[in-house]
$ cat my_file-v3.cif   # mmCIF, C-alpha atoms and all ligand atoms
data_target
loop_
_atom_site.group_PDB
_atom_site.id
_atom_site.type_symbol
_atom_site.label_atom_id
_atom_site.label_comp_id
_atom_site.auth_asym_id
_atom_site.auth_seq_id
_atom_site.Cartn_x
_atom_site.Cartn_y
_atom_site.Cartn_z
ATOM 1 C CA ALA A 1 103.757 78.925 89.358
ATOM 2 C CA ARG A 2 105.012 75.339 89.418
ATOM 3 C CA LEU A 3 103.071 74.611 92.606
ATOM 4 C CA ILE A 4 99.844 76.107 91.298
ATOM 5 C CA SER A 5 100.142 74.242 87.968
ATOM 6 C CA ASP A 6 100.807 70.950 89.765
ATOM 7 C CA CYS A 7 97.753 71.444 91.991
ATOM 8 C CA ILE A 8 95.535 72.226 89.002
ATOM 9 C CA ALA A 9 96.893 69.191 87.128
ATOM 10 C CA ALA A 10 96.106 66.968 90.126
ATOM 11 C CA LEU A 11 92.454 68.039 89.872
ATOM 12 C CA ASN A 12 92.218 66.022 86.638
ATOM 13 C CA ARG A 13 92.382 62.872 88.719
ATOM 14 C CA HIS A 14 91.266 63.941 92.195
ATOM 15 C CA GLU A 15 88.596 66.009 93.917
ATOM 16 C CA GLY A 16 91.189 68.124 95.671
ATOM 17 C CA ALA A 17 94.917 68.785 95.753
ATOM 18 C CA LEU A 18 97.106 69.847 98.643
ATOM 19 C CA ALA A 19 100.630 71.232 98.398
ATOM 20 C CA ALA A 20 102.545 69.619 101.244
ATOM 21 C CA LEU A 21 106.027 68.729 102.379
ATOM 22 C CA ALA A 22 107.091 65.419 103.869
ATOM 23 C CA MET A 23 108.066 65.844 107.520
ATOM 24 C CA THR A 24 111.840 65.663 107.852
ATOM 25 C CA ASP A 25 112.145 66.804 111.475
ATOM 26 C CA THR A 26 111.637 64.423 114.349
ATOM 27 C CA VAL A 27 108.265 65.200 115.890
ATOM 28 C CA ARG A 28 107.650 64.990 119.619
ATOM 29 C CA ARG A 29 104.602 65.582 121.731
ATOM 30 C CA GLY A 30 105.756 67.896 124.534
ATOM 31 C CA GLN A 31 104.459 67.276 128.024
ATOM 32 C CA ASP A 32 104.649 69.919 130.783
ATOM 33 C CA GLY A 33 107.701 71.519 129.172
ATOM 34 C CA MET A 34 109.434 68.170 128.775
ATOM 35 C CA ALA A 35 110.220 66.274 125.600
ATOM 36 C CA GLY A 36 107.482 63.667 125.730
ATOM 37 C CA GLU A 37 106.938 60.857 123.304
ATOM 38 C CA THR A 38 108.318 60.741 119.772
ATOM 39 C CA ILE A 39 105.640 60.678 117.083
ATOM 40 C CA PRO A 40 106.688 58.470 114.144
ATOM 41 C CA ARG A 41 107.116 60.905 111.258
ATOM 42 C CA ASP A 42 106.497 58.242 108.603
ATOM 43 C CA GLY A 43 103.639 59.391 106.418
ATOM 44 C CA LEU A 44 103.425 62.824 108.111
ATOM 45 C CA TRP A 45 103.133 65.839 105.827
ATOM 46 C CA ARG A 46 103.096 69.569 106.509
ATOM 47 C CA ALA A 47 100.123 71.134 104.720
ATOM 48 C CA GLN A 48 100.802 74.272 102.710
ATOM 49 C CA THR A 49 98.783 76.367 100.325
ATOM 50 C CA PRO A 50 97.615 76.273 97.571
ATOM 51 C CA GLN A 51 94.847 73.809 98.266
ATOM 52 C CA ALA A 52 92.953 73.288 95.024
ATOM 53 C CA PHE A 53 89.352 72.207 94.439
ATOM 54 C CA ARG A 54 86.613 72.619 91.879
ATOM 55 C CA PHE A 55 84.627 75.621 92.983
ATOM 56 C CA ASN A 56 81.161 74.031 93.253
ATOM 57 C CA ALA A 57 82.511 71.082 95.236
ATOM 58 C CA ILE A 58 84.420 73.165 97.798
ATOM 59 C CA LEU A 59 81.495 75.596 98.094
ATOM 60 C CA ALA A 60 79.161 72.710 98.898
ATOM 61 C CA ALA A 61 81.694 71.373 101.430
ATOM 62 C CA HIS A 62 81.914 74.792 103.102
ATOM 63 C CA ARG A 63 78.111 75.009 103.317
ATOM 64 C CA GLN A 64 78.019 71.572 104.877
ATOM 65 C CA ALA A 65 80.772 72.526 107.349
ATOM 66 C CA ALA A 66 79.219 75.844 108.367
ATOM 67 C CA GLY A 67 79.895 76.529 112.030
ATOM 68 C CA ALA A 68 82.635 73.906 112.419
ATOM 69 C CA ASP A 69 86.113 75.044 113.478
ATOM 70 C CA TYR A 70 88.513 73.875 110.753
ATOM 71 C CA THR A 71 92.043 75.237 110.190
ATOM 72 C CA ASP A 72 92.212 74.746 106.425
ATOM 73 C CA GLU A 73 90.143 73.860 103.392
ATOM 74 C CA VAL A 74 91.441 70.301 103.080
ATOM 75 C CA THR A 75 89.887 69.618 106.476
ATOM 76 C CA VAL A 76 86.612 71.085 105.219
ATOM 77 C CA ALA A 77 86.835 68.935 102.064
ATOM 78 C CA ALA A 78 87.750 65.770 103.972
ATOM 79 C CA ALA A 79 84.838 66.304 106.351
ATOM 80 C CA ALA A 80 82.597 66.331 103.276
ATOM 81 C CA GLY A 81 84.104 63.037 102.136
ATOM 82 C CA MET A 82 86.213 64.448 99.308
ATOM 83 C CA GLU A 83 89.505 62.751 98.508
ATOM 84 C CA VAL A 84 92.467 65.110 98.340
ATOM 85 C CA ALA A 85 95.785 64.280 96.663
ATOM 86 C CA LEU A 86 99.185 65.358 97.948
ATOM 87 C CA VAL A 87 101.286 67.533 95.646
ATOM 88 C CA GLU A 88 104.975 68.140 96.357
ATOM 89 C CA GLY A 89 105.212 71.534 98.116
ATOM 90 C CA ASP A 90 108.112 73.947 98.284
ATOM 91 C CA GLU A 91 110.206 75.081 101.258
ATOM 92 C CA ASP A 92 110.229 78.629 99.837
ATOM 93 C CA ASN A 93 106.437 78.618 99.898
ATOM 94 C CA PHE A 94 106.248 79.183 103.621
ATOM 95 C CA LYS A 95 103.511 80.573 105.799
ATOM 96 C CA ILE A 96 103.943 84.054 107.249
ATOM 97 C CA THR A 97 102.810 83.897 110.871
ATOM 98 C CA ASN A 98 105.449 85.610 113.028
ATOM 99 C CA ALA A 99 107.604 88.711 112.586
ATOM 100 C CA ALA A 100 110.594 86.454 111.895
ATOM 101 C CA ASP A 101 108.698 84.982 108.925
ATOM 102 C CA ILE A 102 108.417 88.461 107.413
ATOM 103 C CA ASP A 103 112.182 88.936 107.866
ATOM 104 C CA ARG A 104 112.753 85.626 106.096
ATOM 105 C CA ALA A 105 110.414 86.615 103.255
ATOM 106 C CA GLU A 106 112.166 89.972 102.886
ATOM 107 C CA ARG A 107 115.594 88.333 102.804
ATOM 108 C CA MET A 108 114.323 85.965 100.103
ATOM 109 C CA LEU A 109 112.889 88.816 98.031
ATOM 110 C CA MET A 110 116.142 90.752 98.370
ATOM 111 C CA GLN A 111 118.133 87.945 96.795
ATOM 112 C CA GLY A 112 119.095 88.245 93.173
ATOM 113 C CA GLY A 113 117.560 90.774 90.860
ATOM 114 C CA GLU A 114 119.189 93.797 89.372
ATOM 115 C CA MET A 115 119.277 97.305 90.789
ATOM 116 C CA ARG A 116 118.783 100.221 88.450
ATOM 117 C CA THR A 117 118.810 103.906 89.338
ATOM 118 C CA GLY A 118 117.386 106.960 87.646
ATOM 119 C CA MET A 119 117.699 110.650 88.305
ATOM 120 C CA GLY A 120 115.400 113.578 87.713
ATOM 121 C CA TYR A 121 115.713 117.337 87.738
ATOM 122 C CA ASP A 122 113.037 119.998 87.455
ATOM 123 C CA VAL A 123 112.634 123.747 87.819
ATOM 124 C CA HIS A 124 109.592 125.941 88.201
ATOM 125 C CA ARG A 125 109.438 129.711 88.289
ATOM 126 C CA PHE A 126 107.707 131.699 91.030
ATOM 127 C CA GLY A 127 104.697 133.772 89.985
ATOM 128 C CA PRO A 128 101.568 135.261 91.486
ATOM 129 C CA GLY A 129 99.824 133.138 94.097
ATOM 130 C CA ASP A 130 99.517 132.380 97.781
ATOM 131 C CA HIS A 131 100.728 128.769 97.964
ATOM 132 C CA VAL A 132 103.047 126.267 96.338
ATOM 133 C CA TRP A 133 102.774 122.494 95.868
ATOM 134 C CA LEU A 134 105.995 120.663 96.687
ATOM 135 C CA CYS A 135 106.339 116.888 97.031
ATOM 136 C CA GLY A 136 102.565 116.528 97.094
ATOM 137 C CA VAL A 137 102.047 118.971 99.970
ATOM 138 C CA GLN A 138 100.401 122.384 99.732
ATOM 139 C CA ILE A 139 102.430 125.083 101.494
ATOM 140 C CA PRO A 140 101.151 128.647 102.025
ATOM 141 C CA HIS A 141 103.603 131.140 100.498
ATOM 142 C CA GLU A 142 103.813 134.743 99.336
ATOM 143 C CA ALA A 143 104.075 133.478 95.730
ATOM 144 C CA GLY A 144 102.922 130.545 93.658
ATOM 145 C CA LEU A 145 104.793 128.348 91.183
ATOM 146 C CA VAL A 146 104.077 128.674 87.478
ATOM 147 C CA GLY A 147 103.521 125.577 85.379
ATOM 148 C CA HIS A 148 101.111 123.735 83.169
ATOM 149 C CA SER A 149 100.197 121.337 85.983
ATOM 150 C CA ASP A 150 100.385 122.216 89.694
ATOM 151 C CA ALA A 151 104.132 122.959 89.133
ATOM 152 C CA ASP A 152 105.252 120.525 91.850
ATOM 153 C CA ALA A 153 108.954 120.423 90.927
ATOM 154 C CA GLY A 154 109.624 117.822 93.641
ATOM 155 C CA LEU A 155 107.131 115.277 92.278
ATOM 156 C CA HIS A 156 108.165 116.058 88.690
ATOM 157 C CA ALA A 157 111.840 115.368 89.440
ATOM 158 C CA LEU A 158 110.881 112.187 91.280
ATOM 159 C CA THR A 159 108.619 111.015 88.443
ATOM 160 C CA ASP A 160 111.507 111.552 86.019
ATOM 161 C CA ALA A 161 113.866 109.631 88.303
ATOM 162 C CA ILE A 162 111.578 106.585 88.287
ATOM 163 C CA LEU A 163 111.020 106.870 84.517
ATOM 164 C CA GLY A 164 114.815 107.140 84.202
ATOM 165 C CA ALA A 165 115.403 103.898 86.086
ATOM 166 C CA LEU A 166 112.845 102.239 83.801
ATOM 167 C CA GLY A 167 114.412 103.680 80.663
ATOM 168 C CA ALA A 168 110.945 105.023 79.917
ATOM 169 C CA GLY A 169 111.648 108.553 78.739
ATOM 170 C CA ASP A 170 110.549 111.591 80.700
ATOM 171 C CA ILE A 171 107.429 113.114 82.173
ATOM 172 C CA GLY A 172 106.866 115.351 79.125
ATOM 173 C CA GLN A 173 106.586 112.301 76.859
ATOM 174 C CA HIS A 174 103.992 110.674 79.081
ATOM 175 C CA PHE A 175 102.057 113.859 79.846
ATOM 176 C CA PRO A 176 102.711 116.374 77.032
ATOM 177 C CA PRO A 177 102.336 119.991 78.263
ATOM 178 C CA SER A 178 100.577 120.651 74.934
ATOM 179 C CA ASP A 179 97.746 118.381 76.059
ATOM 180 C CA PRO A 180 95.037 120.513 77.748
ATOM 181 C CA GLN A 181 93.908 117.586 79.929
ATOM 182 C CA TRP A 182 97.001 117.987 82.186
ATOM 183 C CA LYS A 183 96.333 121.700 82.790
ATOM 184 C CA GLY A 184 96.381 122.314 86.543
ATOM 185 C CA ALA A 185 96.728 118.560 87.102
ATOM 186 C CA ALA A 186 97.751 117.334 90.553
ATOM 187 C CA SER A 187 101.223 115.882 90.065
ATOM 188 C CA ASP A 188 100.602 112.851 92.276
ATOM 189 C CA MET A 189 98.912 111.428 89.167
ATOM 190 C CA PHE A 190 102.203 111.628 87.232
ATOM 191 C CA LEU A 191 104.068 109.895 90.049
ATOM 192 C CA ALA A 192 101.413 107.195 90.392
ATOM 193 C CA HIS A 193 101.691 106.593 86.636
ATOM 194 C CA ALA A 194 105.466 106.077 86.907
ATOM 195 C CA ALA A 195 104.978 103.738 89.885
ATOM 196 C CA GLY A 196 102.447 101.763 87.829
ATOM 197 C CA LEU A 197 104.950 101.408 84.975
ATOM 198 C CA ALA A 198 107.563 100.177 87.465
ATOM 199 C CA SER A 199 105.220 97.553 88.805
ATOM 200 C CA LYS A 200 104.277 96.459 85.263
ATOM 201 C CA ALA A 201 107.989 96.084 84.501
ATOM 202 C CA GLY A 202 108.322 93.777 87.505
ATOM 203 C CA ALA A 203 110.327 96.330 89.458
ATOM 204 C CA THR A 204 109.941 97.359 93.078
ATOM 205 C CA ILE A 205 110.976 100.801 94.231
ATOM 206 C CA SER A 206 113.731 100.292 96.742
ATOM 207 C CA ASN A 207 114.153 103.920 97.794
ATOM 208 C CA VAL A 208 113.778 107.472 96.549
ATOM 209 C CA ASP A 209 115.602 110.622 97.595
ATOM 210 C CA VAL A 210 114.500 114.156 96.712
ATOM 211 C CA THR A 211 116.421 117.390 97.261
ATOM 212 C CA LEU A 212 114.489 120.647 96.983
ATOM 213 C CA ILE A 213 116.647 123.667 96.164
ATOM 214 C CA LEU A 214 115.127 126.970 97.233
ATOM 215 C CA GLU A 215 115.468 129.895 99.639
ATOM 216 C CA SER A 216 111.824 129.845 100.746
ATOM 217 C CA PRO A 217 109.333 128.642 101.827
ATOM 218 C CA LYS A 218 110.962 126.697 104.644
ATOM 219 C CA ILE A 219 110.659 122.984 103.928
ATOM 220 C CA SER A 220 111.662 121.315 107.199
ATOM 221 C CA PRO A 221 108.222 121.708 108.872
ATOM 222 C CA HIS A 222 106.704 119.768 105.937
ATOM 223 C CA THR A 223 109.199 116.969 105.268
ATOM 224 C CA GLU A 224 107.376 114.336 107.343
ATOM 225 C CA LYS A 225 104.104 115.065 105.575
ATOM 226 C CA MET A 226 105.893 114.942 102.194
ATOM 227 C CA ARG A 227 107.442 111.575 103.033
ATOM 228 C CA ALA A 228 104.047 110.225 104.066
ATOM 229 C CA ARG A 229 102.416 111.533 100.883
ATOM 230 C CA ILE A 230 105.060 110.045 98.585
ATOM 231 C CA SER A 231 105.096 106.746 100.472
ATOM 232 C CA ASP A 232 101.333 106.677 99.939
ATOM 233 C CA ILE A 233 101.503 107.401 96.203
ATOM 234 C CA LEU A 234 104.311 104.905 95.586
ATOM 235 C CA GLY A 235 102.996 102.266 97.974
ATOM 236 C CA ILE A 236 106.343 101.911 99.746
ATOM 237 C CA ALA A 237 107.347 102.343 103.403
ATOM 238 C CA LYS A 238 108.033 105.869 104.587
ATOM 239 C CA GLU A 239 111.532 104.776 105.606
ATOM 240 C CA ARG A 240 112.278 104.344 101.905
ATOM 241 C CA VAL A 241 111.431 107.968 101.130
ATOM 242 C CA SER A 242 113.854 110.791 101.846
ATOM 243 C CA ILE A 243 113.164 114.515 101.470
ATOM 244 C CA LYS A 244 115.895 117.100 101.883
ATOM 245 C CA ALA A 245 116.100 120.808 101.161
ATOM 246 C CA THR A 246 118.934 123.231 100.668
ATOM 247 C CA THR A 247 119.429 126.875 99.774
ATOM 248 C CA THR A 248 122.077 128.028 97.314
ATOM 249 C CA GLU A 249 123.434 130.719 99.632
ATOM 250 C CA LYS A 250 121.479 133.383 97.737
ATOM 251 C CA LEU A 251 123.400 132.493 94.539
ATOM 252 C CA GLY A 252 121.816 131.871 91.169
ATOM 253 C CA PHE A 253 118.127 131.844 90.222
ATOM 254 C CA THR A 254 117.112 129.915 93.309
ATOM 255 C CA GLY A 255 119.153 132.284 95.461
ATOM 256 C CA ARG A 256 117.378 135.263 93.902
ATOM 257 C CA ARG A 257 114.057 133.563 94.726
ATOM 258 C CA GLU A 258 113.080 133.435 91.061
ATOM 259 C CA GLY A 259 112.129 129.797 91.260
ATOM 260 C CA VAL A 260 112.680 126.401 92.827
ATOM 261 C CA ALA A 261 114.684 123.456 91.570
ATOM 262 C CA ALA A 262 114.400 119.834 92.583
ATOM 263 C CA GLN A 263 116.658 116.830 92.141
ATOM 264 C CA ALA A 264 115.636 113.239 92.716
ATOM 265 C CA ILE A 265 117.115 109.789 92.525
ATOM 266 C CA ALA A 266 115.220 106.516 92.536
ATOM 267 C CA THR A 267 116.542 102.983 92.939
ATOM 268 C CA LEU A 268 114.495 100.136 91.522
ATOM 269 C CA ARG A 269 114.991 96.423 91.940
ATOM 270 C CA PHE A 270 114.122 94.242 88.956
ATOM 271 C CA ARG A 271 113.431 90.542 89.243
HETATM 272 MG MG MG B 301 107.896 120.378 86.056
#
$ encode --input "my_file-v3.cif" --output "C-alpha cells" --more "lines below"
Ligand code: MG
Amino acid sequence: ARLISDCIAALNRHEGALAALAMTDTVRRGQDGMAGETIPRDGLWRAQTPQAFRFNAILAAHRQAAGADYTDEVTVAAAAGMEVALVEGDEDNFKITNAADIDRAERMLMQGGEMRTGMGYDVHRFGPGDHVWLCGVQIPHEAGLVGHSDADAGLHALTDAILGALGAGDIGQHFPPSDPQWKGAASDMFLAHAAGLASKAGATISNVDVTLILESPKISPHTEKMRARISDILGIAKERVSIKATTTEKLGFTGRREGVAAQAIATLRFR
C-alpha cells in the first residue's frame, strides 16, 4: 500500500513513477563464463512494479510503441519522451520468476498471523433413494440421505468447521432449513459461502480434514475425487484437503446403517 500510494503521489509532479531499488550488489558483465568487467553501480537502480502513469498518456505511449520489444512500461514511456520519477521500492516487493521465488513468497506469507481452528459435526439419516452426496461427490447407493438440502453431511460438517474458525455461527444460521430456497440445494454452495466469509475476514484456509463415519457405501474409491472437488470449491491445493472414512464396527446408529455422520476440522490463518 505504501509503494502504491508513493507512486500515485509522484504523479502529481511527474508523468510517470517507477518503484525501484538502488543497486547494492557489485555488478559485473560476464564474459565466456568469466567475471568480466565491473560495471560502476553508482546511479544504477533495479526497476520494480508498480510503474504508475496517467492512463491516457501511457495508452498513447503504448500505441506509439506498437511492435517494439520493450520489457516494461517505463521503457515504453521513456521511448515516448515521458519523464519518469524514481520512487523508493521495497525488497519484499520482489518479482516471481523462478520456482525459488515462489518458495520465498510462501515463506514470507507464512510469517506472522494467527492460526485459528474450527470443528464441525453433522448427521444425516438414510432414506429411500439410489445415491448419496458426500463431500461434493455423487455415489450410487442402495439408499439416499434425507435432508432439506442434498444432505451432504461431509460438506455440512466442513462448512461448520470453517464457520467455527471464523466465529461465524453455524450453517443453519446462514442457510435456515425453514427457508424454501435451500430445498434440495447443492451443498457446495454452503461451503463456497463459508470460504467467501473467510476470505473477507482476511483469512486463508491452511488445511481441512474430514472424517466420514459410516458402514457403506465404501468411500475409498471416491476420496481423490472428493479432495479435488473440495480443493476446487475452497480454492486451495489438493494437498491441503484430507478425506478419511471409518466404520463404527457395526455399533451405534452408523453401525446399524441408519445414517452417516461426518466430522471436520479446518485451520485458518489470519493476517
Ligand atoms: Mg446437514
$ residues_near_ligand --input "my_file-v3.cif" --ligand "ligand MG 301 (chain B)" --cutoff "12 Å" --atoms "only C-alpha atoms and all ligand atoms" --output "count of residues only"
43
$ residues_around --input "my_file-v3.cif" --residues "region 87-96 of chain A" --least-positions-apart "4" --cutoff "7 Å" --atoms "all atoms listed in the file" --output "ChimeraX atom specification"
/A:3,6-7,17-21,48,101-102
$ write_last_selection --input "my_file-v3.cif" --atoms "C-alpha atoms" --output "compact mmCIF listing (two decimals), in the frame of the given file"
# COMPACT_ATOMS: atom_id res chain seq x y z
CA LEU A 3 103.07 74.61 92.61
CA ASP A 6 100.81 70.95 89.76
CA CYS A 7 97.75 71.44 91.99
CA ALA A 17 94.92 68.78 95.75
CA LEU A 18 97.11 69.85 98.64
CA ALA A 19 100.63 71.23 98.40
CA ALA A 20 102.54 69.62 101.24
CA LEU A 21 106.03 68.73 102.38
CA GLN A 48 100.80 74.27 102.71
CA ASP A 101 108.70 84.98 108.92
CA ILE A 102 108.42 88.46 107.41
$ closest_residue --input "my_file-v3.cif" --among "A:Leu234, A:Ala68, A:Ile213, A:Ala80" --to "Met189 (chain A)" --atoms "only C-alpha atoms"
A:Leu234
$ closest_residue --input "my_file-v3.cif" --among "A:Val137, A:Ala165, A:Val210, A:Ala237" --to "His222 (chain A)" --atoms "only C-alpha atoms"
A:Val137
$ residues_near_point --input "my_file-v3.cif" --point "(89.0, 67.2, 96.3)" --cutoff "6 Å" --atoms "all atoms listed in the file" --output "number ranges by chain"
A: 14-16, 53, 82-84
$ residues_around --input "my_file-v3.cif" --residues "Ile233 (chain A)" --least-positions-apart "5" --cutoff "10 Å" --atoms "all atoms listed in the file" --output "ChimeraX atom specification"
/A:136,188-193,195,227-228
$ closest_residue --input "my_file-v3.cif" --among "A:Gly118, A:Gly43, A:Pro140, A:Ala201" --to "Gly169 (chain A)" --atoms "all atoms listed in the file"
A:Gly118
$ axis_aligned_box --input "my_file-v3.cif" --around "region 26-32 of chain A" --padding-each-side "6 Å" --output "lines of an AutoDock Vina configuration file"
center_x = 108.0
center_y = 67.2
center_z = 122.6
size_x = 19.2
size_y = 17.5
size_z = 28.4
$ closest_residue --input "my_file-v3.cif" --among "A:Leu59, A:Ala22, A:Met110, A:Ala9" --to "Arg41 (chain A)" --atoms "all atoms listed in the file"
A:Ala22
$ residues_around --input "my_file-v3.cif" --residues "Thr248 (chain A)" --least-positions-apart "2" --cutoff "8 Å" --atoms "all atoms listed in the file" --output "PDB file with C-alpha atoms, in the coordinates of the input"
ATOM      1  CA  ILE A 213     116.647 123.667  96.164  1.00  0.00           C
ATOM      2  CA  LEU A 214     115.127 126.970  97.233  1.00  0.00           C
ATOM      3  CA  GLU A 215     115.468 129.895  99.639  1.00  0.00           C
ATOM      4  CA  THR A 246     118.934 123.231 100.668  1.00  0.00           C
ATOM      5  CA  LYS A 250     121.479 133.383  97.737  1.00  0.00           C
ATOM      6  CA  LEU A 251     123.400 132.493  94.539  1.00  0.00           C
ATOM      7  CA  GLY A 252     121.816 131.871  91.169  1.00  0.00           C
ATOM      8  CA  THR A 254     117.112 129.915  93.309  1.00  0.00           C
ATOM      9  CA  GLY A 255     119.153 132.284  95.461  1.00  0.00           C
TER      10      GLY A 255
END
$ closest_residue --input "my_file-v3.cif" --among "A:Arg29, A:Lys218, A:Arg54, A:Lys183" --to "His141 (chain A)" --atoms "all atoms listed in the file"
A:Lys218
$ atom_distance --input "my_file-v3.cif" --atom1 "CA of Thr117 (chain A)" --atom2 "CA of Leu163 (chain A)"
9.6 Å
$ atom_distance --input "my_file-v3.cif" --atom1 "CA of Ala79 (chain A)" --atom2 "CA of Ile58 (chain A)"
11.0 Å
$ decode --input "my_file-v3.cif" --residues "region 148-162 of chain A" --atoms "C-alpha atoms" --output "tab-separated table (two decimals), in the first residue's frame"
chain	number	residue	atom	x	y	z
A	148	HIS	CA	-33.51	-30.31	3.41
A	149	SER	CA	-30.59	-29.76	1.02
A	150	ASP	CA	-28.70	-32.58	-0.74
A	151	ALA	CA	-27.89	-33.97	2.77
A	152	ASP	CA	-24.12	-33.95	2.15
A	153	ALA	CA	-23.02	-34.47	5.77
A	154	GLY	CA	-19.35	-34.18	4.76
A	155	LEU	CA	-19.70	-30.70	3.24
A	156	HIS	CA	-22.03	-29.61	6.05
A	157	ALA	CA	-19.50	-30.61	8.73
A	158	LEU	CA	-16.74	-28.89	6.78
A	159	THR	CA	-18.79	-25.72	6.30
A	160	ASP	CA	-19.41	-25.65	10.06
A	161	ALA	CA	-15.70	-26.15	10.74
A	162	ILE	CA	-14.79	-23.10	8.65
